[in-house]
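One file, coords-v2.txt, is given below (compact mmCIF, C-alpha atoms).
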```
# COMPACT_ATOMS: atom_id res chain seq x y z
CA MET A 1 -29.59 -5.34 -18.29
CA THR A 2 -31.79 -8.40 -17.88
CA GLN A 3 -34.84 -7.79 -15.71
CA PHE A 4 -36.09 -10.58 -13.46
CA PRO A 5 -39.51 -10.72 -11.79
CA ALA A 6 -39.84 -10.51 -8.04
CA ARG A 7 -39.39 -13.91 -6.42
CA HIS A 8 -41.12 -15.00 -3.23
CA THR A 9 -41.31 -18.81 -3.35
CA ILE A 10 -38.35 -20.92 -2.28
CA PRO A 11 -37.31 -23.11 -5.23
CA PRO A 12 -37.23 -26.85 -4.55
CA GLY A 13 -33.97 -28.61 -3.81
CA LEU A 14 -32.23 -25.78 -1.93
CA VAL A 15 -31.03 -27.62 1.17
CA THR A 16 -27.66 -25.92 1.73
CA LEU A 17 -26.22 -22.44 1.44
CA ALA A 18 -24.18 -23.70 -1.52
CA ASP A 19 -27.42 -24.74 -3.24
CA ASN A 20 -28.72 -21.24 -2.74
CA GLU A 21 -25.61 -19.76 -4.31
CA GLN A 22 -25.85 -21.99 -7.37
CA HIS A 23 -29.50 -21.14 -7.89
CA ALA A 24 -28.91 -17.43 -7.33
CA ARG A 25 -26.53 -17.44 -10.29
CA THR A 26 -29.53 -18.23 -12.49
CA GLN A 27 -31.50 -15.33 -11.00
CA LEU A 28 -28.89 -12.55 -11.24
CA ASP A 29 -27.57 -10.95 -14.39
CA ASP A 30 -23.83 -10.74 -15.04
CA ASN A 31 -23.68 -7.19 -13.67
CA ALA A 32 -25.16 -8.05 -10.25
CA TRP A 33 -23.36 -11.39 -10.06
CA ALA A 34 -19.97 -9.73 -10.59
CA TYR A 35 -20.73 -7.23 -7.84
CA PHE A 36 -21.99 -9.64 -5.21
CA SER A 37 -19.81 -12.69 -5.85
CA GLY A 38 -16.48 -11.17 -6.83
CA GLY A 39 -13.46 -10.41 -4.71
CA ALA A 40 -10.30 -8.36 -5.09
CA ALA A 41 -7.62 -9.15 -7.68
CA ASP A 42 -6.95 -12.92 -7.87
CA GLU A 43 -9.55 -13.60 -5.14
CA ILE A 44 -7.05 -15.43 -2.96
CA SER A 45 -8.49 -13.99 0.25
CA LEU A 46 -12.02 -14.62 -0.97
CA HIS A 47 -11.32 -18.35 -1.35
CA ALA A 48 -9.08 -18.52 1.74
CA ASN A 49 -11.97 -17.37 3.92
CA ARG A 50 -13.89 -20.50 2.97
CA SER A 51 -11.00 -22.99 3.06
CA ALA A 52 -9.78 -21.78 6.47
CA TRP A 53 -13.04 -22.85 8.13
CA ASP A 54 -12.87 -26.20 6.32
CA ALA A 55 -9.35 -26.81 7.60
CA LEU A 56 -10.40 -26.64 11.26
CA PRO A 57 -11.38 -30.09 12.60
CA LEU A 58 -14.07 -30.60 15.19
CA TRP A 59 -13.23 -33.04 17.99
CA PRO A 60 -16.59 -34.37 19.23
CA ARG A 61 -17.23 -35.36 22.82
CA VAL A 62 -19.75 -38.12 23.44
CA LEU A 63 -22.35 -39.12 26.03
CA ARG A 64 -22.73 -35.61 27.38
CA PRO A 65 -26.12 -34.38 28.64
CA LEU A 66 -27.73 -32.29 25.91
CA ALA A 67 -31.40 -31.98 26.90
CA GLY A 68 -32.43 -28.39 27.39
CA GLY A 69 -29.58 -27.03 25.29
CA HIS A 70 -29.91 -23.76 23.36
CA THR A 71 -28.10 -21.35 21.04
CA ARG A 72 -28.58 -18.18 23.11
CA VAL A 73 -25.63 -15.81 23.53
CA PRO A 74 -25.07 -12.47 25.27
CA LEU A 75 -24.00 -9.48 23.16
CA LEU A 76 -23.73 -5.82 24.17
CA GLY A 77 -26.23 -6.12 26.99
CA ARG A 78 -28.76 -8.25 25.12
CA THR A 79 -29.43 -11.96 24.97
CA LEU A 80 -29.68 -13.13 21.37
CA ALA A 81 -31.62 -16.21 20.30
CA HIS A 82 -28.57 -17.31 18.32
CA PRO A 83 -25.20 -15.82 17.31
CA ILE A 84 -25.99 -15.12 13.63
CA LEU A 85 -26.27 -11.56 12.27
CA LEU A 86 -26.61 -10.27 8.72
CA ALA A 87 -23.53 -8.40 7.54
CA PRO A 88 -23.84 -5.04 5.79
CA VAL A 89 -24.16 -5.46 2.01
CA ALA A 90 -24.71 -2.49 -0.28
CA PHE A 91 -27.31 -2.11 -3.03
CA GLN A 92 -29.44 -5.13 -2.17
CA ARG A 93 -32.12 -4.09 -4.64
CA LEU A 94 -29.71 -5.37 -7.29
CA ALA A 95 -30.72 -8.84 -6.05
CA HIS A 96 -34.44 -8.34 -5.46
CA PRO A 97 -36.84 -5.38 -5.73
CA ASP A 98 -37.59 -5.53 -1.99
CA GLY A 99 -33.88 -5.24 -1.19
CA GLU A 100 -32.93 -4.36 2.37
CA LEU A 101 -36.55 -4.37 3.53
CA ALA A 102 -36.86 -8.06 2.68
CA MET A 103 -33.55 -8.76 4.37
CA ALA A 104 -34.65 -6.99 7.54
CA TYR A 105 -38.07 -8.67 7.67
CA ALA A 106 -36.45 -12.09 7.35
CA ALA A 107 -33.89 -11.32 10.03
CA ALA A 108 -36.58 -10.16 12.44
CA ALA A 109 -38.65 -13.29 11.82
CA LEU A 110 -35.63 -15.50 12.59
CA GLY A 111 -34.29 -13.45 15.51
CA ALA A 112 -31.14 -12.48 13.63
CA GLY A 113 -29.37 -9.16 13.97
CA VAL A 114 -29.13 -6.76 11.03
CA VAL A 115 -26.30 -4.40 10.12
CA LEU A 116 -27.61 -1.98 7.49
CA SER A 117 -25.09 -0.62 5.01
CA THR A 118 -24.46 3.10 4.54
CA GLN A 119 -24.87 2.27 0.84
CA ALA A 120 -28.25 0.59 1.29
CA SER A 121 -30.69 1.01 -1.58
CA VAL A 122 -33.56 1.53 0.90
CA SER A 123 -33.73 4.34 3.44
CA LEU A 124 -32.42 3.62 6.92
CA GLU A 125 -35.67 4.95 8.37
CA SER A 126 -37.79 2.51 6.35
CA VAL A 127 -35.78 -0.46 7.55
CA ALA A 128 -35.98 0.63 11.18
CA GLN A 129 -39.73 1.23 11.01
CA ALA A 130 -40.22 -2.22 9.52
CA VAL A 131 -38.46 -4.23 12.21
CA LEU A 132 -38.22 -2.26 15.46
CA PRO A 133 -41.76 -3.18 16.59
CA ASP A 134 -40.98 -6.93 16.35
CA PRO A 135 -40.31 -8.17 19.92
CA GLY A 136 -38.38 -11.20 18.68
CA ARG A 137 -35.95 -9.32 16.46
CA GLY A 138 -32.20 -9.25 16.92
CA PRO A 139 -30.03 -6.13 17.17
CA LEU A 140 -30.38 -3.36 14.59
CA TRP A 141 -27.06 -1.69 13.80
CA PHE A 142 -26.00 0.87 11.21
CA GLN A 143 -22.78 0.42 9.27
CA LEU A 144 -20.96 3.67 8.64
CA TYR A 145 -18.38 4.90 6.17
CA LEU A 146 -16.91 8.20 7.31
CA GLN A 147 -17.53 10.72 4.55
CA PRO A 148 -15.13 13.52 3.59
CA ASP A 149 -17.87 15.95 4.65
CA ARG A 150 -17.89 15.40 8.41
CA GLY A 151 -21.03 17.49 8.73
CA PHE A 152 -22.84 15.05 6.45
CA THR A 153 -21.45 12.14 8.48
CA GLN A 154 -22.77 13.71 11.66
CA SER A 155 -26.22 14.18 10.14
CA LEU A 156 -26.19 10.52 9.04
CA VAL A 157 -25.34 9.44 12.59
CA GLN A 158 -28.13 11.62 13.95
CA ARG A 159 -30.58 10.03 11.51
CA ALA A 160 -29.54 6.56 12.65
CA GLU A 161 -29.98 7.51 16.29
CA ALA A 162 -33.37 9.08 15.68
CA ALA A 163 -34.54 6.05 13.72
CA GLY A 164 -33.72 3.69 16.61
CA TYR A 165 -30.49 1.99 15.55
CA GLU A 166 -28.69 0.51 18.53
CA ALA A 167 -25.02 0.67 17.50
CA LEU A 168 -22.73 2.05 14.82
CA VAL A 169 -20.42 -0.27 12.89
CA LEU A 170 -17.57 1.75 11.44
CA THR A 171 -15.86 0.04 8.51
CA VAL A 172 -12.13 0.76 8.79
CA ASP A 173 -10.53 -1.50 6.17
CA ALA A 174 -11.45 0.35 2.98
CA PRO A 175 -9.75 3.76 2.66
CA THR A 176 -10.01 2.96 -1.05
CA SER A 177 -11.76 0.25 -3.03
CA GLY A 178 -9.95 -2.96 -3.82
CA VAL A 179 -8.91 -3.99 -7.33
CA ARG A 180 -12.09 -5.81 -8.32
CA ASP A 181 -11.34 -7.42 -11.65
CA ARG A 182 -14.69 -9.18 -12.02
CA GLU A 183 -16.55 -5.89 -11.74
CA ARG A 184 -14.25 -4.24 -14.26
CA ARG A 185 -14.64 -7.07 -16.75
CA ALA A 186 -18.42 -6.91 -16.38
CA GLY A 187 -18.43 -3.12 -16.70
CA PHE A 188 -20.34 -2.94 -13.43
CA ARG A 189 -22.83 -0.11 -13.12
CA LEU A 190 -25.84 0.60 -10.96
CA PRO A 191 -29.10 0.33 -12.91
CA PRO A 192 -31.69 3.13 -12.83
CA GLY A 193 -33.58 3.17 -9.55
CA VAL A 194 -30.84 1.56 -7.47
CA GLY A 195 -28.42 3.72 -5.54
CA PRO A 196 -27.14 4.81 -2.11
CA VAL A 197 -30.33 6.59 -1.07
CA ASN A 198 -29.02 7.45 2.40
CA LEU A 199 -26.23 9.49 0.84
CA ALA A 200 -28.57 11.70 -1.17
CA GLY A 201 -27.32 15.28 -1.12
CA LEU A 202 -23.72 14.35 -0.38
CA GLN A 203 -21.34 16.42 -2.48
CA ALA A 204 -18.13 14.80 -3.64
CA PRO A 205 -15.02 16.76 -2.66
CA ALA A 206 -13.45 18.79 -5.42
CA PRO A 207 -10.61 16.88 -7.06
CA SER A 208 -7.15 17.92 -5.92
CA ALA A 209 -4.92 19.73 -8.36
CA LEU A 210 -1.99 17.38 -8.83
CA GLY A 211 1.56 18.45 -9.52
CA PRO A 212 4.07 16.56 -11.63
CA GLY A 213 4.68 13.06 -10.28
CA GLN A 214 1.86 13.23 -7.74
CA SER A 215 -0.59 10.37 -7.17
CA ALA A 216 -4.34 10.77 -7.58
CA LEU A 217 -4.68 8.28 -4.71
CA PHE A 218 -2.05 9.36 -2.18
CA ASP A 219 -2.12 13.08 -2.97
CA GLY A 220 -5.86 13.20 -3.59
CA LEU A 221 -8.39 10.67 -2.33
CA LEU A 222 -6.49 9.54 0.76
CA HIS A 223 -6.38 13.06 2.19
CA HIS A 224 -9.97 12.33 3.21
CA ALA A 225 -9.36 8.82 4.57
CA PRO A 226 -10.23 8.31 8.26
CA THR A 227 -7.54 7.81 10.88
CA TRP A 228 -7.47 6.80 14.54
CA ASP A 229 -8.16 10.43 15.46
CA ASP A 230 -11.57 10.12 13.82
CA ILE A 231 -12.58 7.35 16.22
CA ALA A 232 -12.57 9.79 19.10
CA TRP A 233 -14.46 12.33 16.99
CA LEU A 234 -17.14 9.80 16.08
CA GLN A 235 -17.58 8.76 19.69
CA SER A 236 -17.92 12.41 20.68
CA ILE A 237 -20.93 12.96 18.42
CA THR A 238 -22.97 9.88 19.27
CA ARG A 239 -24.49 8.15 22.26
CA LEU A 240 -24.41 4.81 20.44
CA PRO A 241 -21.72 2.17 20.99
CA VAL A 242 -19.19 2.11 18.15
CA LEU A 243 -17.81 -1.17 16.81
CA LEU A 244 -14.93 -1.30 14.33
CA LYS A 245 -15.31 -3.62 11.35
CA GLY A 246 -12.31 -4.77 9.35
CA VAL A 247 -9.76 -5.42 12.11
CA LEU A 248 -7.29 -8.23 11.41
CA HIS A 249 -4.05 -7.25 13.17
CA PRO A 250 -3.76 -7.76 16.95
CA ALA A 251 -2.02 -4.40 17.36
CA ASP A 252 -4.98 -2.63 15.76
CA ALA A 253 -7.32 -4.59 18.03
CA ARG A 254 -5.45 -3.40 21.13
CA GLN A 255 -5.47 0.20 19.93
CA ALA A 256 -9.18 0.06 19.20
CA VAL A 257 -9.88 -1.18 22.72
CA SER A 258 -7.68 1.53 24.21
CA LEU A 259 -9.73 4.14 22.35
CA GLY A 260 -13.00 2.81 23.73
CA ALA A 261 -14.39 0.73 20.87
CA ALA A 262 -17.42 -1.21 22.06
CA GLY A 263 -16.58 -4.24 19.93
CA LEU A 264 -14.59 -5.49 16.96
CA ILE A 265 -15.55 -7.35 13.81
CA VAL A 266 -12.77 -9.46 12.35
CA SER A 267 -13.24 -9.07 8.62
CA ASN A 268 -11.30 -8.78 5.40
CA HIS A 269 -14.30 -7.23 3.64
CA GLY A 270 -15.29 -10.56 2.18
CA GLY A 271 -12.01 -10.65 0.26
CA ARG A 272 -13.06 -7.50 -1.63
CA THR A 273 -10.34 -5.03 -0.59
CA LEU A 274 -6.78 -6.32 -0.01
CA ASP A 275 -6.13 -9.62 -1.75
CA THR A 276 -3.86 -12.06 0.14
CA ALA A 277 -5.01 -10.58 3.46
CA PRO A 278 -5.34 -13.44 5.96
CA ALA A 279 -8.49 -15.48 6.20
CA THR A 280 -10.73 -14.33 9.01
CA ALA A 281 -10.63 -17.74 10.72
CA THR A 282 -6.85 -17.29 10.92
CA ALA A 283 -7.00 -13.77 12.29
CA LEU A 284 -9.86 -14.34 14.74
CA PRO A 285 -7.98 -16.14 17.56
CA ARG A 286 -5.17 -13.56 17.44
CA VAL A 287 -7.61 -10.69 17.81
CA VAL A 288 -9.47 -12.51 20.60
CA GLN A 289 -6.19 -13.02 22.46
CA ALA A 290 -5.23 -9.37 21.96
CA VAL A 291 -8.41 -7.92 23.48
CA GLN A 292 -8.40 -10.26 26.50
CA GLY A 293 -12.17 -10.34 26.81
CA LYS A 294 -12.50 -6.57 27.19
CA VAL A 295 -14.91 -6.24 24.26
CA PRO A 296 -16.91 -8.70 22.15
CA VAL A 297 -15.26 -9.92 18.96
CA LEU A 298 -17.42 -10.88 15.98
CA VAL A 299 -16.29 -12.39 12.69
CA ASP A 300 -17.46 -12.66 9.09
CA GLY A 301 -16.09 -14.11 5.87
CA GLY A 302 -16.69 -17.52 4.33
CA ILE A 303 -19.21 -18.86 6.85
CA ARG A 304 -21.38 -21.32 4.95
CA ARG A 305 -22.24 -24.08 7.45
CA GLY A 306 -23.47 -24.41 10.99
CA THR A 307 -20.16 -26.12 11.76
CA ASP A 308 -18.41 -22.88 10.72
CA VAL A 309 -20.49 -20.93 13.24
CA LEU A 310 -19.57 -23.41 15.97
CA LYS A 311 -15.89 -23.20 15.05
CA ALA A 312 -16.00 -19.41 15.23
CA MET A 313 -17.49 -19.58 18.71
CA ALA A 314 -14.81 -22.08 19.75
CA LEU A 315 -12.17 -19.62 18.53
CA GLY A 316 -13.60 -16.97 20.85
CA ALA A 317 -16.11 -15.11 18.72
CA SER A 318 -19.18 -13.64 20.38
CA ALA A 319 -21.22 -13.90 17.18
CA VAL A 320 -20.84 -14.22 13.41
CA LEU A 321 -22.08 -12.27 10.42
CA VAL A 322 -23.06 -13.63 7.01
CA GLY A 323 -23.31 -11.54 3.87
CA ARG A 324 -23.29 -13.28 0.50
CA PRO A 325 -25.42 -16.29 1.58
CA ALA A 326 -28.21 -13.93 2.62
CA VAL A 327 -27.96 -12.17 -0.74
CA TRP A 328 -28.33 -15.52 -2.53
CA GLY A 329 -31.45 -16.23 -0.51
CA LEU A 330 -32.75 -12.75 -1.32
CA ALA A 331 -32.18 -13.29 -5.03
CA ASN A 332 -33.91 -16.66 -4.93
CA ALA A 333 -37.07 -15.80 -3.01
CA GLY A 334 -36.97 -12.39 -1.37
CA ALA A 335 -37.63 -12.31 2.37
CA ALA A 336 -38.63 -15.98 2.35
CA GLY A 337 -35.30 -16.88 0.77
CA VAL A 338 -33.30 -14.98 3.37
CA ALA A 339 -35.29 -16.60 6.17
CA HIS A 340 -34.64 -19.99 4.58
CA VAL A 341 -30.86 -19.35 4.60
CA LEU A 342 -30.93 -18.26 8.23
CA ARG A 343 -33.01 -21.27 9.24
CA LEU A 344 -30.65 -23.66 7.48
CA LEU A 345 -27.66 -22.12 9.23
CA ARG A 346 -29.26 -22.17 12.66
CA ASP A 347 -30.51 -25.74 12.27
CA GLU A 348 -27.06 -26.88 11.19
CA LEU A 349 -25.56 -25.08 14.21
CA GLU A 350 -27.85 -26.97 16.58
CA VAL A 351 -26.96 -30.29 14.94
CA ALA A 352 -23.24 -29.48 15.15
CA MET A 353 -23.59 -28.60 18.82
CA ALA A 354 -25.40 -31.85 19.58
CA LEU A 355 -22.87 -33.95 17.71
CA THR A 356 -19.91 -32.35 19.47
CA GLY A 357 -21.44 -32.59 22.93
CA CYS A 358 -22.17 -28.88 23.39
CA ALA A 359 -25.50 -28.15 25.04
CA THR A 360 -24.73 -24.43 24.97
CA LEU A 361 -22.31 -22.27 23.07
CA ALA A 362 -20.46 -21.48 26.29
CA GLU A 363 -19.23 -25.08 26.07
CA ALA A 364 -17.66 -24.44 22.63
CA THR A 365 -14.06 -23.87 23.71
CA SER A 366 -10.72 -24.29 21.96
CA ALA A 367 -10.71 -27.93 23.09
CA LEU A 368 -13.36 -28.49 20.45
CA LEU A 369 -10.77 -27.67 17.78
CA ASP A 370 -7.49 -29.03 19.14
CA GLY A 371 -8.64 -32.20 20.89
CA HIS A 372 -6.93 -31.28 24.15
CA ASP A 373 -8.45 -32.10 27.51
CA GLU A 374 -10.39 -29.29 29.10
CA PRO A 375 -9.03 -28.35 32.53
CA ALA A 376 -11.07 -29.51 35.47
CA ALA A 377 -12.75 -26.87 37.60
CA GLY A 378 -10.19 -25.29 39.89
CA ALA A 379 -7.23 -26.84 38.04
CA ILE A 380 -4.22 -24.74 37.20
```
Have the structure of the file written as structure tokens, please.
Amino acid sequence: MTQFPARHTIPPGLVTLADNEQHARTQLDDNAWAYFSGGAADEISLHANRSAWDALPLWPRVLRPLAGGHTRVPLLGRTLAHPILLAPVAFQRLAHPDGELAMAYAAAALGAGVVLSTQASVSLESVAQAVLPDPGRGPLWFQLYLQPDRGFTQSLVQRAEAAGYEALVLTVDAPTSGVRDRERRAGFRLPPGVGPVNLAGLQAPAPSALGPGQSALFDGLLHHAPTWDDIAWLQSITRLPVLLKGVLHPADARQAVSLGAAGLIVSNHGGRTLDTAPATATALPRVVQAVQGKVPVLVDGGIRRGTDVLKAMALGASAVLVGRPAVWGLANAGAAGVAHVLRLLRDELEVAMALTGCATLAEATSALLDGHDEPAAGAI
């Protein structure tokens, strides 16, 4: 495996998130590139995530007062400086030796929220200690995969609470891994010194004895897969709000709300689980309509421009999450590279708001996307 030196200086010429991706390819070996950039199967959902945002037009309004505008948004009892959070991404030390610590430092410096992966390559306590003292930081959440050993899961939740995490993000769309052809072709493996450090001590369940005609998946692994009953169990063992990540279907959104979920994240796992699942920009308005404003709805997948962030807000999102672009920044220049990506995205968001006549994100309504007149106050 090719070893690259730590990088801390932003290379010249990186003025878009796409530029960062292209340069990151030169910084990552084939093993890491396959892991971070690949999707499931034919990568139809991976590419659809991007093209769905492109397909949405913005209908600008002109001559509106814009002085004093801002990007602030409310979310779970806090006011965020902007609606951009970093999505959970595993094994970030594959991209840079500083890994999740660099990601968290950059997020805190730019006021972005952080969702730390269960499969982080840095301890959850280290990340929390690094950013919690920063008064300008965004939310700090912990992404959770329910483990077959529920006792271990409970201890992981208790560690997150004790460390100061402010919410749990339960990923619900991956009872098994997707068919990731790029990783298989590359023979993906974790290099020495990189691994899921927060899962140390977890014992894998003993393999099931299979009878004739039985499936290793359905008669083995999936016996441990979480169900709706586990949502109530998780809520019973924590004082933290629980958001569900990976919801695409409106019926699942309604059920999640009925069970007390504090929020939903519309996601298809970055196109890494079920290929041909709908693009998140397509699913987002259906989920928003299903929950009827009862909980915040966030979205990830394919967001590469400030215009994409604005479109997501116009579709009813409370905030967005970005994953791969932050990894490209990390690979290019460590914490400075991640901060650069976040700054580009926020600056582009402000420009998009100004050019569409939105002084605040509350003014980003569906009329921004369909060109219809907004109803006058009091009109029915």
At a cut-off of 10 Å, using all atoms listed in the file, what residues contact A:Gly13? Leave out same-chain residues fewer than 6 positions from it and give the result as a compact mmCIF listing (two decimals) with C-alpha atoms, in the frame of the given file.
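Now in selection-v9.txt:
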```txt
# COMPACT_ATOMS: atom_id res chain seq x y z
CA ASP A 19 -27.42 -24.74 -3.24
CA ASN A 20 -28.72 -21.24 -2.74
CA HIS A 23 -29.50 -21.14 -7.89
```
Considering only C-alpha atoms, return as a list of chain:residue names whatever protein or nucleic-acid residues lie within 9 Å of A:Gly178, sequence-local ones (same chain, fewer than 4 positions apart) excluded.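 Near A:Gly178, the qualifying residues are A:Gly39, A:Ala40, A:Ala41, A:Ala174, A:Gly271, A:Arg272, A:Thr273, A:Leu274, A:Asp275.
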With only C-alpha atoms as the atoms that count, which of A:Asp300, A:Asp98, A:Asp29, A:Glu348 lies nearest to A:Pro191? A:Asp29
Residue nearest A:Asp370 - candidates A:Ala253, A:Leu349, A:Ala314, A:Ala331, atoms counted: all atoms listed in the file: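 When distances to A:Asp370 are compared using all atoms listed in the file, the smallest one comes from A:Ala314.
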Shell around A:Ser121 at 12 Å using only C-alpha atoms, local window under 5 positions removed, as a ChimeraX atom specification: /A:88-103,116,126-127,190-200
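Proximity ranking of A:Thr360, A:Ser45, A:Ser236, A:Gln147 relative to A:Leu66 places A:Thr360 first, based on only C-alpha atoms.
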Rounded to one decimal place, report the atom CA of A:Ile237-atom CA of A:Ala128 distance in Å.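 Going from atom CA of A:Ile237 over to atom CA of A:Ala128, I get 20.8 Å.
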Step by step: start from the point (-17.6, -21.0, 14.2) in the file's coordinates, keep every protein, DNA or RNA residue that has an atom no farther than 12 Å from it, count all atoms listed in the file, and write the set as a ChimeraX atom specification. /A:50,52-54,56-58,83-84,280-282,284-285,298-322,345-346,348-349,352-353,361,364-366,368-369
Taking all atoms listed in the file into account, which of A:Tyr165, A:Gly138, A:Gly77, A:Ala106 comes nearest A:Ala262?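 Ranked by minimum distance to A:Ala262, first place goes to A:Gly77.
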For A:Thr238, which residue out of A:Val157, A:Thr171, A:Val295, A:Arg182 is the nearest one, using all atoms listed in the file?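 Nearest to A:Thr238: A:Val157.
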Of the candidates A:Glu183, A:Asp230, A:Glu161, A:Asp149, which shows the shortest atom-to-atom distance to A:Gly201, using only C-alpha atoms? A:Asp149
Atom CA of A:Thr71 and atom CA of A:Leu342, how far apart in Å? 13.5 Å
